[in-house]
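Student: One structure follows; several queries about it will come next.
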Amino acid sequence: MTQSTVAAPSDAVLDREETISRDELEALQLSRLQHTVAYAYDRVPLYKRKFDEAGVHPTDLRELSDLGKFPFTTKEDLRLEYPFGMFAVPQSEVARIHASSGTTGRATVVGYTKKDLADWAKLVARSLRASGVRPGMKVHNAYGYGLFTGGMGAHAGAEALGCTVIPISGGQTERQITLIQDFQPDAILATPTYLLTIADAMMKQGIDPASTSLKYAVLGAEPWTEEMRHELEVTMNLKACDIYGLSEVMGPGVAGEAVETQDGSHIWEDHFRPEIIDAFDPTKVLGDGEPGELVFTSLTKEALPIIRYRTKDLTRLLPGTARPAHRRMGRITGRSDDMIILRGVNLFPSQIEEIALRIPELSPHFQLELTRPEGQRMDQLTVKIERRESVTVEGTTAAARTLQQQIKIHVGSSCTVDVVEPGSLERSNGKLRRIYDLRPKG
Ligand code: DLL
C-alpha cells in the first residue's frame, strides 16, 4: 500500500465563526483585542508596568496593526511571575491550573476560568472535527494527562464534540495496543512519535498496524514532517492531521488541520491574533508568507490574557483554505531554542527527518548526537538511525552514504551517520527528545 485508503468523512455542521468572512472576522478581532489589552492592563501588574515602560496605552489600539506597538510577553515573564502573578482573576474564579514540566527552569503556570475551559473545549472540538472526528466516534486519547495540557485539553474537546473518550494517557504501550484491539476506536490522539512507537510495538507483536479500527489520527505537541505523515498514514492506514497549541496561549486547539485539504493547521482567529516577527529583530513584523517566529495574542481569555507571546516556534502564515477566513500556519520547522548551530550552519531535527524518511532502507527512528572530540575545537554531529527491519546490515552502507550526502547538500552540514539495529534507540512516550548534546559544558 502506498497511501491510506481512508476517505475524508462527509460534511459536518461548523461553528458560525468558522464560516464568516475575513472582514467580519477582523472586525471581531479588533473589538476583542481592544477589550483584551485594556483588561490585561487593568488587572495584571506586569502588563501595566510593561505598557507604561513602552509608552503605550490600551486606547492606542485603534486598528489591528496597532498591536505592533505593544510589548512582547515571554516565557521568562511567566517564570518571574511564578506561580500566579499573571492571573487576571481572583483565585476563587480559577477553575483549573496547568503547568509546563519545568525541565529547563522554573515551571510556567497557567490558569483557566470556567468560561476559558468551555472555550478551550469548543476549539479542540472544532479542531478534531476539522480533522475528521465526528460525534459518536470512539476516541483513544494517548496524550499525557496531568499538568501537561495535552491529555485533559484533548479529552474535554472530544467530549464536547460528542465522542466516547478512552482516557488512556501516554505510556504503557502494550496496554494501549490491547485496548485499541478490544475497544475498536475510530480515532487516536497522540504525539506523532508516540503513534510511531505504538505502530512499531504492534509489528513486534505480529499485529499489522494497518488492520486496526483506527481511521483518524490527530497529532501534535512536537514538530513533524509531511514524510512522517506519509509514514504513519501508510503503516496504519488512517488519515493523520495536525493539531497545534501551547500552554501559555491555551493548550492544544489553538490551530487545527482540515482532513479534506491536509495543508497545515488553521489558526482559530476568532480567539487568537497571530503575528510573525523576525526572530533576530523582533521590531520587524513580517507579512503573510514570510518565515519567522510565531507570536500570539489571546482575544477571549479571562484567567490568563496573553499579549504578544513569543512562542519561539518558527513558521509562516498562509491564507485560509478549508476555513477561508482563518489563516493557516506552515509546518513548524523547529523552535528557535531547538536549533543546532553546527560550524555556522543552522539545523533542525525536522530537516533530518524529512531527508531520512525518503531513503527506503532507513526507519523514522533517529537521534542526533552533538560531540566535541578531545583536543578538537570543531563540534561533530552524529546521526544515529535505525535500519528498517527488512534490510540487511550490508544493505545499509549505501543508505548511510546517501543520508550523509543529502544532509550535506540540503542542510550544508557534514556529519557522521551511524546506522543501528532496529529497536536500539529510545522510543517516544510523548514528546520525543531528538537532540543529545554531549559537548563539554562551559
Ligand atoms: O504541546 C500543547 C499540545 C498538546 C498541542 C497536544 C498539540 C497536541 P506545550 O507543552 O506548552 O503544549 O508545548 C508547546 O510544543 O510551542 C511547539 O514548539 C510544540 N508544538 C505543539 N504542537 C505542535 C505541532 C502542547 N502541531 C510547544 N507541530 C509549541 C509542531 C508543536 N510543534
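To be explicit about the labels: the chains of the C-alpha cells are called A, B, and onward in the order shown, and within each one the residues are counted from 1, while ligands get numbers from 1 in the order they are shown.
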Looking only at strand (DSSP E) from DSSP on the backbone, list the matching residues of stretch 220-414 of chain A as a ChimeraX atom specification.
Tutor: /A:220,239-246,251-257,265-267,272-277,285-286,292-298,309-315,317-318,328-329,334-335,340-342,345-347,362-371,380-387
Student: Name the residues, by chain letter and number, that sit within 6 Å of ligand 1 using only C-alpha atoms and all ligand atoms, and give them as a count of residues only.
Tutor: 18
Student: Atom CA of A:Gly105 and atom CA of A:Gly68, how far apart in Å?
Tutor: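 Separation of atom CA of A:Gly68 and atom CA of A:Gly105: 28.8 Å.
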Student: For stretch 322-397 of chain A against stretch 5-22 of chain A, with a cut-off of 12 Å and counting only C-alpha atoms, what is the closest atom pair and its distance in Å to one decimal for every residue that makes the cut, ordered by chain and number, as CSV?
Tutor:
```
residue,atom,partner,partner_atom,distance
A:Ala322,CA,A:Glu18,CA,9.4
A:Arg323,CA,A:Glu18,CA,6.1
A:Pro324,CA,A:Thr19,CA,7.5
A:Ala325,CA,A:Arg22,CA,4.5
A:His326,CA,A:Glu18,CA,7.5
A:Arg327,CA,A:Arg22,CA,9.5
```
Student: Would you write out, as a tab-separated table, a table of all residues in stretch 194-238 of chain A that have an atom no more than 12 Å from an atom of stretch 137-141 of chain A, listing for each the closest atom pair and the distance in Å to one decimal, considering only C-alpha atoms and ordering rows by chain and rising residue number?
Tutor:
```
residue	atom	partner	partner_atom	distance
A:Tyr194	CA	A:Asn141	CA	11.6
A:Leu195	CA	A:Asn141	CA	11.1
A:Ser213	CA	A:Lys138	CA	10.0
A:Leu214	CA	A:Val139	CA	9.1
A:Lys215	CA	A:Met137	CA	10.4
A:Tyr216	CA	A:Val139	CA	9.3
A:Ala217	CA	A:Val139	CA	9.4
A:Val218	CA	A:Asn141	CA	9.7
A:Leu219	CA	A:Asn141	CA	10.6
```
Student: If you measure from atom CA of A:Ala279 to atom CA of A:Val295, what distance in Å do you get, rounded to one decimal?
Tutor: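 Distance between the two atoms: 10.1 Å.
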Student: In Å, rounded to a single decimal, give me how far atom CA of A:Ala210 is from atom CA of A:Leu232.
Tutor: 9.5 Å
Student: Which residues, written as JSON, numbers by chain, have at least one atom at most 10 Å from A:Phe51, with only C-alpha atoms counted and residues fewer than 3 positions away on the same chain left out?
Tutor: {"A": [37, 41, 45, 46, 47, 48, 54, 55, 56, 57, 58, 69, 70, 71, 72]}
Student: Restricted to N, CA and C atoms, what would the selected residues look like written as a CSV table (one decimal), in the first residue's frame?
Tutor:
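Okay, again.csv is ready:
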```csv
chain,number,residue,atom,x,y,z
A,37,VAL,N,-6.5,44.1,25.6
A,37,VAL,CA,-5.4,44.9,26.1
A,37,VAL,C,-5.8,45.7,27.3
A,41,TYR,N,-4.2,45.3,31.1
A,41,TYR,CA,-3.6,46.4,31.6
A,41,TYR,C,-4.2,46.7,33.0
A,45,PRO,N,-0.5,43.4,37.0
A,45,PRO,CA,0.5,44.5,37.2
A,45,PRO,C,1.6,44.4,36.1
A,46,LEU,N,2.0,43.2,35.7
A,46,LEU,CA,3.1,43.0,34.8
A,46,LEU,C,2.8,43.8,33.4
A,47,TYR,N,1.6,43.6,33.0
A,47,TYR,CA,1.2,44.3,31.7
A,47,TYR,C,1.2,45.8,31.9
A,48,LYS,N,0.6,46.3,33.1
A,48,LYS,CA,0.6,47.7,33.3
A,48,LYS,C,2.0,48.3,33.3
A,54,ALA,N,6.8,51.0,27.9
A,54,ALA,CA,6.9,51.1,26.4
A,54,ALA,C,6.2,52.4,25.9
A,55,GLY,N,5.5,53.1,26.9
A,55,GLY,CA,4.8,54.3,26.5
A,55,GLY,C,3.6,54.1,25.6
A,56,VAL,N,3.0,52.9,25.8
A,56,VAL,CA,1.7,52.7,25.1
A,56,VAL,C,0.6,52.5,26.1
A,57,HIS,N,-0.6,52.8,25.7
A,57,HIS,CA,-1.8,52.7,26.5
A,57,HIS,C,-2.9,51.9,25.7
A,58,PRO,N,-3.7,51.2,26.3
A,58,PRO,CA,-4.8,50.4,25.6
A,58,PRO,C,-5.5,51.2,24.6
A,69,LYS,N,2.7,48.0,18.4
A,69,LYS,CA,3.3,49.0,19.3
A,69,LYS,C,3.4,48.4,20.7
A,70,PHE,N,2.7,47.3,21.0
A,70,PHE,CA,2.7,46.8,22.4
A,70,PHE,C,3.9,45.8,22.6
A,71,PRO,N,4.3,45.8,23.9
A,71,PRO,CA,5.5,44.9,24.2
A,71,PRO,C,5.2,43.4,24.1
A,72,PHE,N,6.2,42.6,23.9
A,72,PHE,CA,6.1,41.2,23.9
A,72,PHE,C,6.0,40.6,25.3
```
Student: Measuring atom to atom with only C-alpha atoms, identify which of A:Pro167, A:Gly334, A:Pro305, A:Gly153 is nearest to A:Leu179.
Tutor: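 For A:Leu179, the nearest of the given residues is A:Pro167.
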